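Step one of this worksheet: look at the structure below.
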Amino acid sequence: MTPQRPTPPAPPTPATPTATYRLQLQPDFGFAAAAAAVPYLASLGVSHLHLSPVLEAVPGSTHGYDVVDHARVRGELGGMEGLRELARTAHEHGLGLIVDLVPNHMAAAVAHNRALREVLREGPSSAYARWFDIDWEAQGGRVLLPVLGGPVGREMERLTVDGDVLRYYEHAFPLREGTASLPLAELLDAQWYRLGWWRLARTELNYRRFFTISDLIAVRVEDPEVFEATHRTVLSLLDEGVVDGLRIDHPDGLADPGGYLLRLSEASGGRWTVVEKILEDAEHLPAGWPVAGTTGYDALRHIDGLFTDPAGADQLLGAFRRFTGAAADLGGVWEETVRRSAHHVVRHELAAEVDRLTREATALCAEDLELRDHAPWALRTALCELLVRVPVYRPYAGGGDAPETVLTPSAADEAKAVFAVPEEARAVDAVRELALGRRGTGQDHAAFRDRFAQTASALRAKSVEDTAFYRCTPLLSALEVGGSPASPAVSAQEFHAYCARVQRDWPATSTALSTHDTKRSADVRAGISVLTQCPERWETLLAQVTKLTAHGGGADAPGPQLAWAAWQTVAGLGPADPARVQQAMLKHAREAGLFTTWTEQDAGYERAVEDFVASGPCGPPGDEVLRFMDTLKSHVRANIWGAALVHLTMPGVPDLYQDTEHEYRALVDPDNRTPARLAPDDHSTKAALTQVALRLRRARPDWFGAAADYRPLAARGPGEAHCVAYARSGRVVVAVTRLSLRLADAGGWRTTELSLPDGAWINLLAPGRRFTGHARVAELFAHLPVALLVRADEDDDVLGLSRDVREEPPESG
């Protein structure tokens, strides 16, 4: 009997990850479940587990971004000991932990948020008052809490006093000392808070929140004492070695993101940290930020764009306009749709934020002789017109878009054009000077400048991600944050230039294809993007299924714009429970805000949406779409596998969302936040190539790290535009097929060749195949439309990673 070889000691966890794996923790999948998955994830080849927020959150939360206590690790996940046990298990298998940190906000859940509860009891004199971004100058010095189901006069009978607590359904509010015995009306007026109808949040709220979510109250981490109190636990976990790195949620919401990141870097000892910074097309991360990079939406946009046909995308836009008849500002033209959406959001959803800016601008102008005598309405108009013209999430000095290059003189001229009286238009110049920080040097001036930038960030997110993305929808796969719907395709040259820049400037940045926030998983987007290679066929199919659908899929309810999006959704998703599609399309309709919204729901319209989805996209006509997509299955898989291999081998640190090592088709949250399945026995093509690539990165991190090299490789021949290839450090060659349907229609690879670096090369995905010199691409892709080559003279640690990965036969439709 052959004796078993002893298990070698686990290698030390690298300071910089080679690859991370995101787990969405929740009560049904806590630290113990994550620990049970560690052996499988270690065998997959990642170096770190990437955990969603681990601090105490609202009970039952499935995401953890609604933190209520920074001092405690979340009990529903297993508490501090559960996290330490997970870390021990991970370390035994050579893995580290990255945790998601939420500095911008806490849950405004009074019953669970002790710090907020103390502020509501004691008012501005509370030791916790400095924690929260509350405007005590507004609402008579009381915090508006928009929690009532109707005006307060109608809700009085539902308010009861219970000792030192005021109760309203499940809510419990602390009473100011000495007020418990007052009559109810007097008691309400005597508190440091004002209970209000939930609809008042839009116009009356006097605390900063996360975007337009009143349940999340902003935290002032720019205050050193608040920073120390809210980061003490996480920093101790770093010091203890339980946690190895950080993902920072929404830094754009902070008053001083650069200052915060500098303080965090100093406190954490410079641990690997990435930030959820959304970069618009051609925008760069501020060079002075002490971080490894972003969470990867910029990489997602470039990878997706590589597998999108530019001509076909333009044709789909034309088909979308014909099908929907959408006006330019309601989905027909991207830029006009964004501008109209921004105007609506800034005047409605962000009215309270603009009111606060207007009050502050009025006060600051009154201090400056050159800026006096602007009417508040004029300053408010100027603020709105400048905010809607900020083309990025937030301008940063030292970034790709400094304030002066965003709030340009031309933008100011456009803003002035809305004023009938030129003298009143001078308010635009006053606001622009304040927003750029050119007037005054005091604390109030800096606070206005920062608040303008914070509001611009919220406006960009709500008007683009949560409105325009649901109105202008010719190609759903292009509608992810940081995307460029007006020009969704990325050429091979543009992709190579992006990768070279990442390798040079941010080699340890995170890269992503799917996240907990993507509106569609990468594999859904891969299917949808294939439609850019056959737009005429797609338009013809829509005409056919529209005729087959009860109530019509075009002009009848629920309207052609939602119908177009629903058909594309099913094309990318494939066979699915109708409830999943109905849930996603209801969210789509409410975000678009054309016929129903989250706050003004039209029950009849929403029933029409559900009926349409059931009878059309998820009914017999939908089967026609599925049969059509089945004829494209090999091309969808080429997109899926190509995107996966590029993601795993390009510059940066790949972050895999849970279960995406397999083919993973999910829609917008909550569909994509179900507990991880973690199927280690899946032997699919995607799972196999993912494991080979990840294990190669782990075995040879220097080939992919900060000192690595990235070099594009050129194909020559009739199919050259369809082969994208590059070398990493002269030791790895990656080649993928781009736009495979267009390639097939053009006659295939024929004599196309790829010039390889000197030496002999072995395809790890097809053992036994050797290539040298000018490799025939048809032979390179004989088994799969992707290839991962290493030098033939490598040792067994590398060559032993090879697997015979074959293309799966198409399933019958």
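So you can find residues: chains in the structure tokens are A, B, ... in the order shown, residues in each start at 1, and ligands are numbered from 1 in order.
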
Can you pull out every residue within 7 Å of A:Lys686, counting only C-alpha atoms, but drop anything in the same chain fewer than 5 positions away, and send it as a ChimeraX atom specification? /A:641,661-663

Could you give me, as a PyMOL selection string, each residue of stretch 200-445 of chain A that DSSP assigns to strand (DSSP E or B) when run on this structure's backbone? chain A and resi 207+209-210+213-219+245-248+272-275+293-294

Written file, previous selection with all heavy atoms, as a short mmCIF file (atom, residue, chain, number, x, y, z; two decimals), in the first residue's frame:
data_model
loop_
_atom_site.label_atom_id
_atom_site.label_comp_id
_atom_site.auth_asym_id
_atom_site.auth_seq_id
_atom_site.Cartn_x
_atom_site.Cartn_y
_atom_site.Cartn_z
N TYR A 207 -31.31 65.49 7.12
CA TYR A 207 -30.05 64.76 7.28
C TYR A 207 -29.65 64.20 5.92
O TYR A 207 -30.50 63.87 5.09
CB TYR A 207 -30.15 63.65 8.33
CG TYR A 207 -31.17 62.55 8.09
CD1 TYR A 207 -30.89 61.48 7.23
CD2 TYR A 207 -32.40 62.57 8.75
CE1 TYR A 207 -31.82 60.46 7.03
CE2 TYR A 207 -33.33 61.55 8.55
CZ TYR A 207 -33.04 60.52 7.68
OH TYR A 207 -33.95 59.51 7.48
N ARG A 209 -28.34 61.51 3.34
CA ARG A 209 -28.64 60.09 3.26
C ARG A 209 -27.83 59.47 2.13
O ARG A 209 -27.10 60.15 1.43
CB ARG A 209 -30.15 59.91 3.01
CG ARG A 209 -30.62 60.71 1.82
CD ARG A 209 -32.12 60.78 1.69
NE ARG A 209 -32.52 61.82 0.76
CZ ARG A 209 -33.72 61.93 0.22
NH1 ARG A 209 -34.65 61.05 0.53
NH2 ARG A 209 -34.01 62.89 -0.62
N PHE A 210 -27.98 58.18 1.95
CA PHE A 210 -27.35 57.49 0.84
C PHE A 210 -28.27 57.64 -0.37
O PHE A 210 -29.38 57.08 -0.40
CB PHE A 210 -27.14 56.02 1.19
CG PHE A 210 -26.63 55.17 0.05
CD1 PHE A 210 -25.36 55.38 -0.46
CD2 PHE A 210 -27.42 54.19 -0.52
CE1 PHE A 210 -24.88 54.60 -1.51
CE2 PHE A 210 -26.96 53.41 -1.57
CZ PHE A 210 -25.68 53.62 -2.07
N ILE A 213 -32.19 57.26 -0.31
CA ILE A 213 -32.72 56.24 0.60
C ILE A 213 -32.72 56.81 2.01
O ILE A 213 -31.68 56.90 2.69
CB ILE A 213 -31.88 54.95 0.53
CG1 ILE A 213 -31.85 54.43 -0.91
CG2 ILE A 213 -32.46 53.90 1.47
CD1 ILE A 213 -30.96 53.23 -1.11
N SER A 214 -33.91 57.19 2.49
CA SER A 214 -34.01 57.84 3.79
C SER A 214 -33.73 56.89 4.94
O SER A 214 -33.48 57.34 6.07
CB SER A 214 -35.41 58.45 3.95
OG SER A 214 -35.67 59.37 2.92
N ASP A 215 -33.75 55.59 4.69
CA ASP A 215 -33.45 54.61 5.73
C ASP A 215 -31.96 54.51 6.03
O ASP A 215 -31.56 53.80 6.94
CB ASP A 215 -33.95 53.23 5.31
CG ASP A 215 -35.47 53.15 5.28
OD1 ASP A 215 -36.11 53.97 5.94
OD2 ASP A 215 -36.01 52.27 4.59
N LEU A 216 -31.13 55.22 5.26
CA LEU A 216 -29.68 55.19 5.46
C LEU A 216 -29.19 56.61 5.71
O LEU A 216 -29.24 57.46 4.82
CB LEU A 216 -28.98 54.59 4.23
CG LEU A 216 -29.35 53.14 3.91
CD1 LEU A 216 -28.70 52.70 2.60
CD2 LEU A 216 -28.94 52.19 5.04
N ILE A 217 -28.72 56.88 6.93
CA ILE A 217 -28.29 58.20 7.33
C ILE A 217 -26.78 58.33 7.23
O ILE A 217 -26.04 57.42 7.61
CB ILE A 217 -28.79 58.52 8.77
CG1 ILE A 217 -28.42 59.96 9.16
CG2 ILE A 217 -28.26 57.50 9.79
CD1 ILE A 217 -29.08 60.40 10.47
N ALA A 218 -26.31 59.45 6.70
CA ALA A 218 -24.89 59.64 6.43
C ALA A 218 -24.09 59.83 7.72
O ALA A 218 -24.55 60.43 8.69
CB ALA A 218 -24.68 60.84 5.52
N VAL A 219 -22.86 59.32 7.69
CA VAL A 219 -21.95 59.39 8.83
C VAL A 219 -20.80 60.33 8.48
O VAL A 219 -20.27 60.29 7.36
CB VAL A 219 -21.42 57.99 9.18
CG1 VAL A 219 -20.40 58.04 10.32
CG2 VAL A 219 -22.57 57.07 9.54
N GLY A 245 -7.45 42.78 3.96
CA GLY A 245 -7.62 43.88 3.03
C GLY A 245 -9.05 44.39 3.07
O GLY A 245 -9.93 43.81 3.73
N LEU A 246 -9.29 45.51 2.33
CA LEU A 246 -10.58 46.20 2.44
C LEU A 246 -11.13 46.57 1.07
O LEU A 246 -10.39 46.91 0.15
CB LEU A 246 -10.43 47.48 3.27
CG LEU A 246 -9.92 47.32 4.71
CD1 LEU A 246 -9.61 48.69 5.29
CD2 LEU A 246 -10.95 46.60 5.56
N ARG A 247 -12.44 46.52 0.97
CA ARG A 247 -13.17 47.13 -0.14
C ARG A 247 -14.00 48.26 0.46
O ARG A 247 -14.74 48.07 1.42
CB ARG A 247 -14.10 46.11 -0.79
CG ARG A 247 -14.96 46.71 -1.93
CD ARG A 247 -16.39 46.30 -1.79
NE ARG A 247 -17.20 46.67 -2.93
CZ ARG A 247 -18.28 47.44 -2.84
NH1 ARG A 247 -18.67 47.96 -1.68
NH2 ARG A 247 -18.99 47.71 -3.93
N ILE A 248 -13.86 49.47 -0.09
CA ILE A 248 -14.52 50.65 0.48
C ILE A 248 -15.76 50.97 -0.35
O ILE A 248 -15.67 51.25 -1.55
CB ILE A 248 -13.57 51.86 0.52
CG1 ILE A 248 -12.27 51.49 1.23
CG2 ILE A 248 -14.25 53.05 1.19
CD1 ILE A 248 -12.46 50.97 2.64
N TRP A 272 -3.91 46.26 1.36
CA TRP A 272 -4.54 46.28 0.04
C TRP A 272 -5.98 46.75 0.17
O TRP A 272 -6.77 46.18 0.92
CB TRP A 272 -4.50 44.88 -0.57
CG TRP A 272 -5.01 44.80 -1.98
CD1 TRP A 272 -4.32 45.09 -3.12
CD2 TRP A 272 -6.31 44.37 -2.39
NE1 TRP A 272 -5.11 44.87 -4.23
CE2 TRP A 272 -6.34 44.42 -3.81
CE3 TRP A 272 -7.45 43.95 -1.71
CZ2 TRP A 272 -7.47 44.08 -4.55
CZ3 TRP A 272 -8.58 43.60 -2.45
CH2 TRP A 272 -8.58 43.66 -3.85
N THR A 273 -6.30 47.83 -0.53
CA THR A 273 -7.62 48.45 -0.44
C THR A 273 -8.07 48.89 -1.81
O THR A 273 -7.31 49.50 -2.56
CB THR A 273 -7.57 49.68 0.51
OG1 THR A 273 -7.18 49.26 1.81
CG2 THR A 273 -8.93 50.37 0.57
N VAL A 274 -9.31 48.58 -2.15
CA VAL A 274 -9.90 49.06 -3.39
C VAL A 274 -11.17 49.83 -3.06
O VAL A 274 -11.80 49.61 -2.02
CB VAL A 274 -10.21 47.92 -4.37
CG1 VAL A 274 -8.93 47.29 -4.89
CG2 VAL A 274 -11.10 46.86 -3.73
N VAL A 275 -11.53 50.75 -3.96
CA VAL A 275 -12.66 51.64 -3.69
C VAL A 275 -13.73 51.46 -4.76
O VAL A 275 -13.43 51.28 -5.94
CB VAL A 275 -12.22 53.11 -3.65
CG1 VAL A 275 -11.40 53.39 -2.40
CG2 VAL A 275 -11.44 53.49 -4.89
N GLY A 293 -6.69 50.52 -6.26
CA GLY A 293 -7.48 50.79 -7.45
C GLY A 293 -8.96 50.75 -7.13
O GLY A 293 -9.38 50.98 -6.00
N THR A 294 -9.75 50.43 -8.15
CA THR A 294 -11.20 50.41 -8.00
C THR A 294 -11.70 48.98 -7.79
O THR A 294 -10.92 48.03 -7.82
CB THR A 294 -11.88 50.98 -9.26
OG1 THR A 294 -11.76 50.03 -10.34
CG2 THR A 294 -11.25 52.30 -9.68
#

Nearest residue to A:Phe211 from the set A:Glu92, A:Leu144, A:Ser491, A:Glu349 (distances using only C-alpha atoms): A:Glu349

Write out, as a Markdown table, each residue of stretch 682-799 of chain A that has an atom at most 12 Å from stretch 524-530 of chain A, together with the closest pair of atoms and their distance in Å to one decimal, counting only C-alpha atoms, rows going by chain and rising number.
| residue | atom | partner | partner_atom | distance |
| --- | --- | --- | --- | --- |
| A:Arg738 | CA | A:Val530 | CA | 10.4 |
| A:Leu739 | CA | A:Val530 | CA | 7.7 |
| A:Ser740 | CA | A:Val530 | CA | 8.9 |
| A:Leu741 | CA | A:Val530 | CA | 7.8 |
| A:Arg742 | CA | A:Val530 | CA | 9.7 |

In Å to one decimal, how far is atom CA of A:Leu86 from atom CA of A:Ser510? 22.8 Å

Have a look at atom CA of A:Pro617 and atom CA of A:Asp577 and let me know their distance in Å, one decimal.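 Value for the atom CA of A:Pro617-atom CA of A:Asp577 distance: 11.1 Å.
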
Pick out the residues sitting within 12 Å of A:Arg438, and hand them over as a ChimeraX atom specification; count only C-alpha atoms, and ignore anything fewer than 3 positions along from it in its own chain. /A:403-404,429-435,441-442,445-446,448-449

Can you write out the residues you just picked, keeping C-alpha atoms, as a short mmCIF file (atom, residue, chain, number, x, y, z; two decimals), in the first residue's frame?
data_model
loop_
_atom_site.label_atom_id
_atom_site.label_comp_id
_atom_site.auth_asym_id
_atom_site.auth_seq_id
_atom_site.Cartn_x
_atom_site.Cartn_y
_atom_site.Cartn_z
CA PRO A 403 -13.52 70.58 -10.88
CA GLU A 404 -12.46 73.24 -13.40
CA ASP A 429 -21.27 82.51 -11.68
CA ALA A 430 -21.74 82.87 -7.92
CA VAL A 431 -22.59 79.18 -7.45
CA ARG A 432 -19.79 78.08 -9.76
CA GLU A 433 -17.23 80.12 -7.81
CA LEU A 434 -18.43 78.56 -4.55
CA ALA A 435 -18.52 75.02 -5.96
CA THR A 441 -11.29 79.88 2.64
CA GLY A 442 -13.31 79.19 5.77
CA HIS A 445 -16.95 77.54 2.12
CA ALA A 446 -15.20 74.16 2.17
CA PHE A 448 -20.39 73.96 0.59
CA ARG A 449 -17.85 72.82 -1.99
#

One-decimal distance in Å that lies between atom CA of A:Leu407 and atom CA of A:Arg451: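 Taking atom CA of A:Arg451 as the start and atom CA of A:Leu407 as the end point, the length is 15.0 Å.
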